[in-house]
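For reference, input05.txt is printed below; it contains compact mmCIF, C-alpha atoms.
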# COMPACT_ATOMS: atom_id res chain seq x y z
CA MET A 1 37.91 16.61 25.16
CA THR A 2 37.67 12.87 24.49
CA ALA A 3 34.67 12.04 22.30
CA PRO A 4 31.89 10.26 24.21
CA ILE A 5 30.77 6.74 23.37
CA ARG A 6 27.10 6.01 23.84
CA ALA A 7 26.34 3.79 26.84
CA SER A 8 23.68 1.09 26.75
CA TRP A 9 22.84 -2.32 28.19
CA HIS A 10 24.57 -5.37 26.75
CA VAL A 11 24.78 -9.09 27.39
CA GLY A 12 28.29 -10.39 27.82
CA ARG A 13 29.60 -13.95 27.96
CA VAL A 14 32.57 -14.94 30.11
CA ALA A 15 35.16 -16.00 27.55
CA ASN A 16 37.99 -16.49 30.01
CA ARG A 17 38.63 -16.24 33.74
CA ARG A 18 41.72 -16.77 35.85
CA PRO A 19 42.98 -15.81 39.29
CA GLU A 20 44.71 -12.43 39.44
CA THR A 21 45.60 -12.42 43.14
CA PRO A 22 44.45 -14.60 46.07
CA SER A 23 41.37 -12.38 46.39
CA ALA A 24 40.76 -11.22 42.82
CA VAL A 25 39.87 -12.72 39.47
CA ARG A 26 40.53 -11.52 35.92
CA LEU A 27 37.47 -11.77 33.67
CA GLU A 28 37.46 -11.44 29.91
CA LEU A 29 33.96 -10.82 28.59
CA ASP A 30 32.85 -11.30 25.01
CA VAL A 31 30.26 -8.54 24.41
CA SER A 32 29.21 -8.72 20.78
CA THR A 33 27.44 -5.32 20.84
CA TRP A 34 30.16 -3.46 22.76
CA PRO A 35 31.02 -0.14 21.01
CA GLY A 36 34.57 0.06 22.36
CA ASN A 37 35.70 2.26 25.21
CA HIS A 38 38.29 4.83 26.23
CA ALA A 39 41.04 3.92 28.68
CA GLY A 40 39.80 4.64 32.19
CA SER A 41 36.12 3.92 31.52
CA HIS A 42 33.95 1.78 33.75
CA LEU A 43 30.76 -0.26 33.45
CA ASP A 44 27.94 -1.52 35.64
CA ILE A 45 27.28 -5.22 36.16
CA ARG A 46 23.72 -6.21 37.09
CA LEU A 47 22.89 -9.55 38.68
CA THR A 48 19.33 -10.83 38.95
CA ALA A 49 18.37 -13.52 41.48
CA PRO A 50 15.74 -16.20 40.73
CA ASP A 51 13.25 -14.27 42.90
CA GLY A 52 13.78 -11.12 40.83
CA TYR A 53 16.03 -9.29 43.29
CA GLN A 54 18.68 -7.26 41.48
CA ALA A 55 22.04 -5.90 42.55
CA SER A 56 24.45 -3.85 40.47
CA ARG A 57 27.98 -2.58 40.99
CA SER A 58 30.42 -0.48 38.99
CA TYR A 59 33.77 -1.88 37.88
CA SER A 60 36.64 -0.22 36.08
CA ILE A 61 37.58 -1.62 32.68
CA ALA A 62 41.14 -2.86 32.27
CA SER A 63 41.02 -2.78 28.46
CA SER A 64 40.31 -0.09 25.87
CA GLY A 65 39.90 0.51 22.16
CA GLN A 66 37.63 -0.84 19.47
CA SER A 67 37.13 -4.40 20.64
CA THR A 68 34.21 -6.54 21.72
CA ARG A 69 36.41 -8.18 24.37
CA VAL A 70 36.17 -6.38 27.71
CA MET A 71 38.60 -7.15 30.52
CA LEU A 72 37.82 -6.65 34.20
CA VAL A 73 39.63 -7.51 37.41
CA VAL A 74 37.27 -7.95 40.35
CA GLU A 75 38.48 -8.07 43.94
CA GLU A 76 36.24 -9.87 46.39
CA LEU A 77 34.80 -7.93 49.29
CA PRO A 78 33.67 -10.50 51.87
CA ALA A 79 30.51 -8.59 52.83
CA GLY A 80 29.65 -7.66 49.25
CA GLU A 81 26.60 -8.72 47.26
CA VAL A 82 28.16 -8.88 43.79
CA SER A 83 31.92 -9.39 44.03
CA PRO A 84 31.80 -12.75 45.92
CA TYR A 85 29.63 -14.19 43.15
CA LEU A 86 31.87 -12.86 40.40
CA VAL A 87 35.03 -14.14 42.07
CA GLN A 88 33.83 -17.49 43.42
CA GLN A 89 30.92 -18.68 41.29
CA LEU A 90 30.93 -17.05 37.86
CA ASP A 91 32.28 -19.52 35.29
CA GLU A 92 33.36 -19.46 31.66
CA GLY A 93 30.33 -19.48 29.39
CA ASP A 94 28.11 -17.70 31.91
CA GLN A 95 26.33 -14.54 30.83
CA LEU A 96 26.22 -11.13 32.50
CA GLU A 97 24.25 -7.94 31.98
CA VAL A 98 26.58 -4.97 31.59
CA HIS A 99 25.86 -1.28 31.11
CA GLY A 100 28.45 0.97 29.56
CA PRO A 101 30.88 2.24 28.69
CA LEU A 102 30.58 4.91 31.39
CA GLY A 103 32.74 7.86 32.36
CA ARG A 104 34.06 10.83 30.40
CA TYR A 105 35.99 12.64 33.11
CA PHE A 106 38.41 9.93 34.17
CA VAL A 107 39.64 8.77 30.75
CA TRP A 108 42.74 9.15 28.60
CA SER A 109 42.99 8.79 24.84
CA PRO A 110 46.10 8.57 22.62
CA THR A 111 44.39 11.02 20.26
CA GLU A 112 44.46 13.87 22.80
CA SER A 113 46.48 16.87 21.66
CA ASP A 114 47.85 17.57 25.15
CA ARG A 115 51.37 16.10 25.28
CA SER A 116 52.23 17.12 28.83
CA PRO A 117 53.35 14.27 31.13
CA VAL A 118 50.78 11.91 32.57
CA GLN A 119 51.12 10.75 36.17
CA LEU A 120 49.12 7.71 37.24
CA ILE A 121 48.73 7.02 40.97
CA ALA A 122 46.94 3.90 42.22
CA GLY A 123 46.06 2.45 45.58
CA GLY A 124 45.25 -1.29 45.56
CA SER A 125 42.66 -2.29 42.97
CA GLY A 126 42.53 1.34 41.84
CA VAL A 127 45.25 0.36 39.40
CA VAL A 128 42.71 -1.18 36.99
CA PRO A 129 41.69 1.94 34.98
CA LEU A 130 45.26 3.26 35.13
CA PHE A 131 46.54 -0.02 33.70
CA ALA A 132 44.20 0.51 30.75
CA MET A 133 45.75 3.95 30.21
CA ALA A 134 49.30 2.60 30.41
CA MET A 135 48.48 -0.15 27.92
CA ALA A 136 46.89 2.37 25.54
CA ARG A 137 50.07 4.45 25.79
CA GLU A 138 52.19 1.34 25.11
CA TYR A 139 50.98 1.13 21.52
CA GLU A 140 51.78 4.76 20.68
CA SER A 141 55.27 5.47 19.32
CA GLU A 142 55.04 9.18 20.15
CA ASN A 143 52.97 10.56 22.99
CA ALA A 144 53.15 11.98 26.49
CA ASP A 145 55.65 10.72 29.07
CA PHE A 146 53.93 8.33 31.49
CA ARG A 147 54.67 7.36 35.08
CA LEU A 148 52.74 4.97 37.33
CA LEU A 149 52.99 4.98 41.11
CA TYR A 150 51.28 1.90 42.56
CA SER A 151 50.78 1.45 46.32
CA VAL A 152 49.95 -2.15 47.26
CA ARG A 153 50.23 -4.30 50.37
CA THR A 154 52.40 -7.24 49.26
CA PRO A 155 53.88 -8.66 46.03
CA GLU A 156 51.06 -11.21 45.91
CA ASP A 157 48.49 -8.39 45.81
CA VAL A 158 49.89 -6.76 42.67
CA PHE A 159 47.46 -6.69 39.76
CA PHE A 160 48.88 -7.18 36.23
CA ALA A 161 52.32 -8.07 37.63
CA ASN A 162 53.71 -9.49 34.38
CA GLU A 163 52.29 -6.75 32.19
CA LEU A 164 53.57 -3.96 34.43
CA ALA A 165 57.05 -5.48 34.38
CA SER A 166 56.97 -5.50 30.57
CA LEU A 167 55.89 -1.89 29.99
CA THR A 168 58.32 0.11 27.88
CA GLN A 169 56.50 3.46 27.62
CA THR A 170 55.53 3.90 31.28
CA ALA A 171 57.93 4.16 34.22
CA VAL A 172 56.51 2.03 37.05
CA ASP A 173 57.17 2.43 40.78
CA ILE A 174 55.55 -0.09 43.11
CA VAL A 175 55.47 0.76 46.81
CA HIS A 176 54.73 -2.23 49.06
CA THR A 177 53.14 -1.13 52.31
CA ARG A 178 53.31 -4.36 54.33
CA ARG A 179 55.85 -6.71 52.75
CA ALA A 180 58.28 -6.08 49.93
CA PRO A 181 59.87 -8.72 47.65
CA PRO A 182 63.33 -9.93 48.74
CA GLU A 183 65.05 -8.15 45.84
CA SER A 184 63.45 -4.78 46.61
CA SER A 185 65.74 -1.91 47.58
CA ARG A 186 62.86 -0.26 49.47
CA ALA A 187 61.69 -1.32 52.89
CA PRO A 188 57.91 -1.82 53.12
CA GLY A 189 55.94 1.18 54.28
CA ARG A 190 53.18 3.57 53.32
CA LEU A 191 53.70 6.54 51.10
CA THR A 192 54.36 9.75 52.98
CA GLN A 193 54.12 13.37 52.03
CA GLY A 194 57.89 13.47 51.98
CA SER A 195 58.34 10.41 49.75
CA LEU A 196 55.56 11.21 47.27
CA GLY A 197 57.52 13.97 45.55
CA GLY A 198 60.26 11.53 44.59
CA PHE A 199 57.84 9.29 42.71
CA VAL A 200 55.86 11.80 40.64
CA PHE A 201 56.51 14.40 37.98
CA PRO A 202 57.27 17.79 39.53
CA ALA A 203 54.60 20.45 39.53
CA SER A 204 56.79 22.52 37.19
CA ALA A 205 56.15 19.90 34.46
CA THR A 206 52.37 20.58 34.72
CA PRO A 207 51.46 16.89 34.49
CA ARG A 208 47.98 15.56 34.12
CA ILE A 209 47.37 13.35 37.14
CA PHE A 210 44.96 10.42 37.37
CA LEU A 211 44.52 9.20 40.94
CA CYS A 212 42.41 6.14 41.82
CA GLY A 213 41.94 4.04 44.94
CA PRO A 214 40.05 3.82 48.24
CA THR A 215 38.57 7.13 49.38
CA PRO A 216 41.03 7.75 52.28
CA PHE A 217 44.00 7.05 50.00
CA VAL A 218 42.74 9.36 47.26
CA GLU A 219 41.93 12.21 49.64
CA THR A 220 45.32 11.97 51.34
CA ILE A 221 47.36 11.80 48.14
CA ALA A 222 45.35 14.59 46.49
CA GLY A 223 46.02 16.84 49.47
CA TRP A 224 49.75 16.13 49.33
CA LEU A 225 49.83 16.84 45.59
CA LEU A 226 48.31 20.25 46.21
CA GLN A 227 50.92 20.95 48.88
CA LEU A 228 53.59 20.00 46.34
CA GLY A 229 52.26 22.77 44.11
CA HIS A 230 50.28 20.75 41.56
CA ASP A 231 47.45 22.48 39.75
CA PRO A 232 44.12 21.19 41.15
CA THR A 233 42.53 21.49 37.72
CA ARG A 234 45.05 18.94 36.42
CA ILE A 235 44.20 16.31 39.05
CA ARG A 236 41.44 13.83 38.24
CA THR A 237 40.31 11.43 40.92
CA GLU A 238 38.24 8.28 41.10
CA ARG A 239 37.53 6.61 44.41
CA PHE A 240 35.64 3.63 45.73
CA GLY A 241 34.24 2.41 49.01
CA GLY A 242 33.48 -1.07 50.30
CA THR A 243 30.00 -2.08 49.10
CA GLY A 244 31.21 -4.65 46.45
Turn the structure described in the file into structure tokens.
Amino acid sequence: MTAPIRASWHVGRVANRRPETPSAVRLELDVSTWPGNHAGSHLDIRLTAPDGYQASRSYSIASSGQSTRVMLVVEELPAGEVSPYLVQQLDEGDQLEVHGPLGRYFVWSPTESDRSPVQLIAGGSGVVPLFAMAMAREYESENADFRLLYSVRTPEDVFFANELASLTQTAVDIVHTRRAPPESSRAPGRLTQGSLGGFVFPASATPRIFLCGPTPFVETIAGWLLQLGHDPTRIRTERFGGTG
């Protein structure tokens, strides 16, 4: 079991921001009181309007370890209360209230004694916590075998494109559902029950599986994994809706 880190409220300052995709922004927060976090953790961001109205949303953390720099990637949901502000208006130097780190179930640590393979499966922006796990694995010379299966609409929608291409400790498969890059050997299309088995560790390898994405994606993939013979106790899921 990964040791818990005490969650509390903090004030973070936006140290850096840059576009990640046409609809998402990468934010690097400087949180001087941050205690560090495990890969796969999340936090809450709370915004307070001049009239006192408050809105908060949870966001996965794209970084991990003992650092006071916290990286997020936020995708804008047009009807959302929080994400449009974070993507369109938040600027470097601005401050945010954050609560965390949160989550003990959906985390991975290089110190875990279990060395069975780790399968990461992401749909869209669900790649954020899995990216943190892959990066944590990147700095370990000896650890579990890692694979990442990432389902995304188009090449322009890929989060962490440069970093994923540079990973040496995680095998990465990107499935484009609507439009693939010209050099791709795969035609665009959704994952199917038949194709999934070719992208993931076999059930006989007893992998630990971390699955994150929109609720319909997670429920569908989890069901297919069970039909492929994977142990349900080895599958950890995290899903999100559209309240942003």
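If you measure from each of A:Thr177, A:Thr206, A:Gln193, A:Thr168 to Ala134 in chain A using only C-alpha atoms, the closest one turns out to be A:Thr168.
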Handout entry: All residues 12 Å or closer to Thr233 in chain A, only C-alpha atoms, same chain fewer than 6 positions away omitted, as a list in words
Key = Tyr105, Thr206, Pro207, Arg208, Ile209, Phe210, Ala222, Leu225 and Leu226 of chain A
Exercise for the section: Pick out the residues sitting within 12 Å of Glu142 in chain A, and hand them over as a PyMOL selection string; count all atoms listed in the file, and ignore anything fewer than 5 positions along from it in its own chain. Expected result: chain A and resi 110-113+115+136-137+169
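You will find CA of His176 in chain A at 7.4 Å from CA of Arg190 in chain A.
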Problem - Given only C-alpha atoms as the counted atoms, nearest of A:Glu140, A:Asn162, A:Pro155, A:Asp44 to Glu183 in chain A - result: A:Pro155
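CA of Gly52 in chain A is found 21.2 Å from CA of Gln88 in chain A.
Going from CA of Phe240 in chain A over to CA of Thr21 in chain A, you cover 19.1 Å.
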Exercise for the section: List the neighbours of Ser56 in chain A out to 12 Å using only C-alpha atoms; skip same-chain residues closer than 4 positions along the sequence, and give me the result as a PyMOL selection string. Expected result: chain A and resi 43-49+80-83+85-86+96-99+243-244
Completion exercise
Min atom-atom distance to Asp145 in chain A from the set A:Met133, A:Glu163, A:Tyr59, A:Val118, counting only C-alpha atoms, belongs to A:Val118
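Remark: for Arg178 in chain A, the closest of the candidate residues A:Ala203, A:Val152, A:Gly197, A:Asp51 is A:Val152 (distances computed over all atoms listed in the file).
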Practice task
Considering all atoms listed in the file, state which residue in the set A:Ser185, A:Ile61, A:Pro50, A:Gly194 is at the smallest distance from Asn37 in chain A.
Solution key: A:Ile61
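With only C-alpha atoms as the atoms that count, the residue of A:Asn143, A:Gln95, A:Ser32, A:Ser151 with the shortest distance to Ser125 in chain A is A:Ser151.
Omitting His42 in chain A and its sequence neighbours fewer than 5 positions away, and counting all atoms listed in the file, the residues within 8 Å are A:Ser58, A:Tyr59, A:Ser60, A:Ile61, A:Gly100, A:Pro101, A:Leu102, A:Gly103, A:Pro129.
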Mind running range 101-200 of chain A against range 67-78 of chain A at 10 Å and telling me each contacting residue's nearest atom pair with the distance in Å (one decimal), counting all atoms listed in the file, chain and number ascending, as CSV?
residue,atom,partner,partner_atom,distance
A:Gly124,CA,A:Glu75,CA,9.7
A:Ser125,CA,A:Glu75,CA,7.2
A:Val127,CA,A:Val73,CA,9.9
A:Val128,CA,A:Val73,CA,7.1
A:Pro129,CA,A:Leu72,CA,9.5
A:Ala132,CA,A:Met71,CA,9.5
A:Phe159,CA,A:Val73,CA,8.2
A:Phe160,CA,A:Val73,CA,9.3
Practice task
Compile the contact shell of Ile221 in chain A as a VMD selection string: residues with an atom at most 9 Å away, counting only C-alpha atoms, same-chain residues fewer than 3 positions apart removed.
Solution key: chain A and resid 121 191 to 193 196 211 216 to 218 224 to 226
Around all listed atoms of range 179-193 of chain A, padded 6 Å per side, what centre and edge lengths does the axis-aligned box have in Å to one decimal, as AutoDock Vina command-line options?
--center_x 59.5 --center_y 1.7 --center_z 50.1 --size_x 24.6 --size_y 35.3 --size_z 20.4
Would you mind completing range 65-76 of chain A to all heavy atoms and writing the output as a PDB file, in the frame of the given file?
ATOM      1  N   GLY A  65      39.831   0.596  23.609  1.00  0.00           N
ATOM      2  CA  GLY A  65      39.900   0.510  22.160  1.00  0.00           C
ATOM      3  C   GLY A  65      38.669  -0.117  21.539  1.00  0.00           C
ATOM      4  O   GLY A  65      37.682  -0.427  22.220  1.00  0.00           O
ATOM      5  N   GLN A  66      38.753  -0.319  20.234  1.00  0.00           N
ATOM      6  CA  GLN A  66      37.630  -0.840  19.470  1.00  0.00           C
ATOM      7  C   GLN A  66      37.680  -2.364  19.457  1.00  0.00           C
ATOM      8  O   GLN A  66      38.183  -2.988  18.538  1.00  0.00           O
ATOM      9  CB  GLN A  66      37.671  -0.295  18.038  1.00  0.00           C
ATOM     10  CG  GLN A  66      37.518   1.204  17.940  1.00  0.00           C
ATOM     11  CD  GLN A  66      36.181   1.666  18.508  1.00  0.00           C
ATOM     12  OE1 GLN A  66      35.132   1.099  18.193  1.00  0.00           O
ATOM     13  NE2 GLN A  66      36.213   2.708  19.316  1.00  0.00           N
ATOM     14  N   SER A  67      37.148  -2.947  20.511  1.00  0.00           N
ATOM     15  CA  SER A  67      37.130  -4.400  20.640  1.00  0.00           C
ATOM     16  C   SER A  67      35.860  -4.820  21.344  1.00  0.00           C
ATOM     17  O   SER A  67      35.321  -4.075  22.166  1.00  0.00           O
ATOM     18  CB  SER A  67      38.350  -4.881  21.432  1.00  0.00           C
ATOM     19  OG  SER A  67      38.270  -6.279  21.682  1.00  0.00           O
ATOM     20  N   THR A  68      35.375  -6.009  21.027  1.00  0.00           N
ATOM     21  CA  THR A  68      34.210  -6.540  21.720  1.00  0.00           C
ATOM     22  C   THR A  68      34.622  -7.423  22.898  1.00  0.00           C
ATOM     23  O   THR A  68      33.777  -8.040  23.540  1.00  0.00           O
ATOM     24  CB  THR A  68      33.319  -7.344  20.763  1.00  0.00           C
ATOM     25  OG1 THR A  68      34.097  -8.390  20.167  1.00  0.00           O
ATOM     26  CG2 THR A  68      32.756  -6.441  19.678  1.00  0.00           C
ATOM     27  N   ARG A  69      35.913  -7.495  23.176  1.00  0.00           N
ATOM     28  CA  ARG A  69      36.410  -8.180  24.370  1.00  0.00           C
ATOM     29  C   ARG A  69      36.662  -7.134  25.445  1.00  0.00           C
ATOM     30  O   ARG A  69      37.375  -6.152  25.212  1.00  0.00           O
ATOM     31  CB  ARG A  69      37.686  -8.958  24.072  1.00  0.00           C
ATOM     32  CG  ARG A  69      37.470 -10.209  23.211  1.00  0.00           C
ATOM     33  CD  ARG A  69      36.645 -11.243  23.945  1.00  0.00           C
ATOM     34  NE  ARG A  69      36.431 -12.453  23.175  1.00  0.00           N
ATOM     35  CZ  ARG A  69      37.120 -13.587  23.326  1.00  0.00           C
ATOM     36  NH1 ARG A  69      38.089 -13.642  24.236  1.00  0.00           N
ATOM     37  NH2 ARG A  69      36.846 -14.640  22.596  1.00  0.00           N
ATOM     38  N   VAL A  70      36.086  -7.324  26.603  1.00  0.00           N
ATOM     39  CA  VAL A  70      36.170  -6.380  27.710  1.00  0.00           C
ATOM     40  C   VAL A  70      36.811  -7.087  28.899  1.00  0.00           C
ATOM     41  O   VAL A  70      36.318  -8.130  29.339  1.00  0.00           O
ATOM     42  CB  VAL A  70      34.768  -5.853  28.090  1.00  0.00           C
ATOM     43  CG1 VAL A  70      34.867  -4.873  29.254  1.00  0.00           C
ATOM     44  CG2 VAL A  70      34.088  -5.202  26.889  1.00  0.00           C
ATOM     45  N   MET A  71      37.904  -6.520  29.412  1.00  0.00           N
ATOM     46  CA  MET A  71      38.600  -7.150  30.520  1.00  0.00           C
ATOM     47  C   MET A  71      38.339  -6.415  31.821  1.00  0.00           C
ATOM     48  O   MET A  71      38.413  -5.189  31.880  1.00  0.00           O
ATOM     49  CB  MET A  71      40.113  -7.208  30.252  1.00  0.00           C
ATOM     50  CG  MET A  71      40.887  -7.970  31.316  1.00  0.00           C
ATOM     51  SD  MET A  71      42.588  -8.350  30.848  1.00  0.00           S
ATOM     52  CE  MET A  71      43.317  -6.703  30.882  1.00  0.00           C
ATOM     53  N   LEU A  72      38.035  -7.173  32.857  1.00  0.00           N
ATOM     54  CA  LEU A  72      37.820  -6.650  34.200  1.00  0.00           C
ATOM     55  C   LEU A  72      38.707  -7.426  35.164  1.00  0.00           C
ATOM     56  O   LEU A  72      39.079  -8.567  34.904  1.00  0.00           O
ATOM     57  CB  LEU A  72      36.365  -6.834  34.642  1.00  0.00           C
ATOM     58  CG  LEU A  72      35.253  -6.356  33.716  1.00  0.00           C
ATOM     59  CD1 LEU A  72      33.894  -6.758  34.295  1.00  0.00           C
ATOM     60  CD2 LEU A  72      35.315  -4.851  33.517  1.00  0.00           C
ATOM     61  N   VAL A  73      39.050  -6.793  36.279  1.00  0.00           N
ATOM     62  CA  VAL A  73      39.630  -7.510  37.410  1.00  0.00           C
ATOM     63  C   VAL A  73      38.784  -7.149  38.620  1.00  0.00           C
ATOM     64  O   VAL A  73      38.661  -5.979  38.970  1.00  0.00           O
ATOM     65  CB  VAL A  73      41.102  -7.166  37.643  1.00  0.00           C
ATOM     66  CG1 VAL A  73      41.622  -7.896  38.881  1.00  0.00           C
ATOM     67  CG2 VAL A  73      41.950  -7.536  36.433  1.00  0.00           C
ATOM     68  N   VAL A  74      38.207  -8.162  39.236  1.00  0.00           N
ATOM     69  CA  VAL A  74      37.270  -7.950  40.350  1.00  0.00           C
ATOM     70  C   VAL A  74      37.906  -8.493  41.624  1.00  0.00           C
ATOM     71  O   VAL A  74      38.301  -9.667  41.681  1.00  0.00           O
ATOM     72  CB  VAL A  74      35.930  -8.659  40.082  1.00  0.00           C
ATOM     73  CG1 VAL A  74      34.994  -8.470  41.278  1.00  0.00           C
ATOM     74  CG2 VAL A  74      35.290  -8.120  38.814  1.00  0.00           C
ATOM     75  N   GLU A  75      37.978  -7.650  42.636  1.00  0.00           N
ATOM     76  CA  GLU A  75      38.480  -8.070  43.940  1.00  0.00           C
ATOM     77  C   GLU A  75      37.294  -8.358  44.853  1.00  0.00           C
ATOM     78  O   GLU A  75      36.358  -7.566  44.933  1.00  0.00           O
ATOM     79  CB  GLU A  75      39.356  -6.991  44.550  1.00  0.00           C
ATOM     80  CG  GLU A  75      40.014  -7.407  45.854  1.00  0.00           C
ATOM     81  CD  GLU A  75      41.085  -6.429  46.295  1.00  0.00           C
ATOM     82  OE1 GLU A  75      40.905  -5.213  46.092  1.00  0.00           O
ATOM     83  OE2 GLU A  75      42.103  -6.891  46.836  1.00  0.00           O
ATOM     84  N   GLU A  76      37.361  -9.480  45.529  1.00  0.00           N
ATOM     85  CA  GLU A  76      36.240  -9.870  46.390  1.00  0.00           C
ATOM     86  C   GLU A  76      36.223  -9.063  47.682  1.00  0.00           C
ATOM     87  O   GLU A  76      37.239  -8.931  48.369  1.00  0.00           O
ATOM     88  CB  GLU A  76      36.320 -11.353  46.740  1.00  0.00           C
ATOM     89  CG  GLU A  76      35.182 -11.818  47.612  1.00  0.00           C
ATOM     90  CD  GLU A  76      35.239 -13.294  47.928  1.00  0.00           C
ATOM     91  OE1 GLU A  76      36.169 -13.975  47.436  1.00  0.00           O
ATOM     92  OE2 GLU A  76      34.358 -13.775  48.664  1.00  0.00           O
TER      93      GLU A  76
END
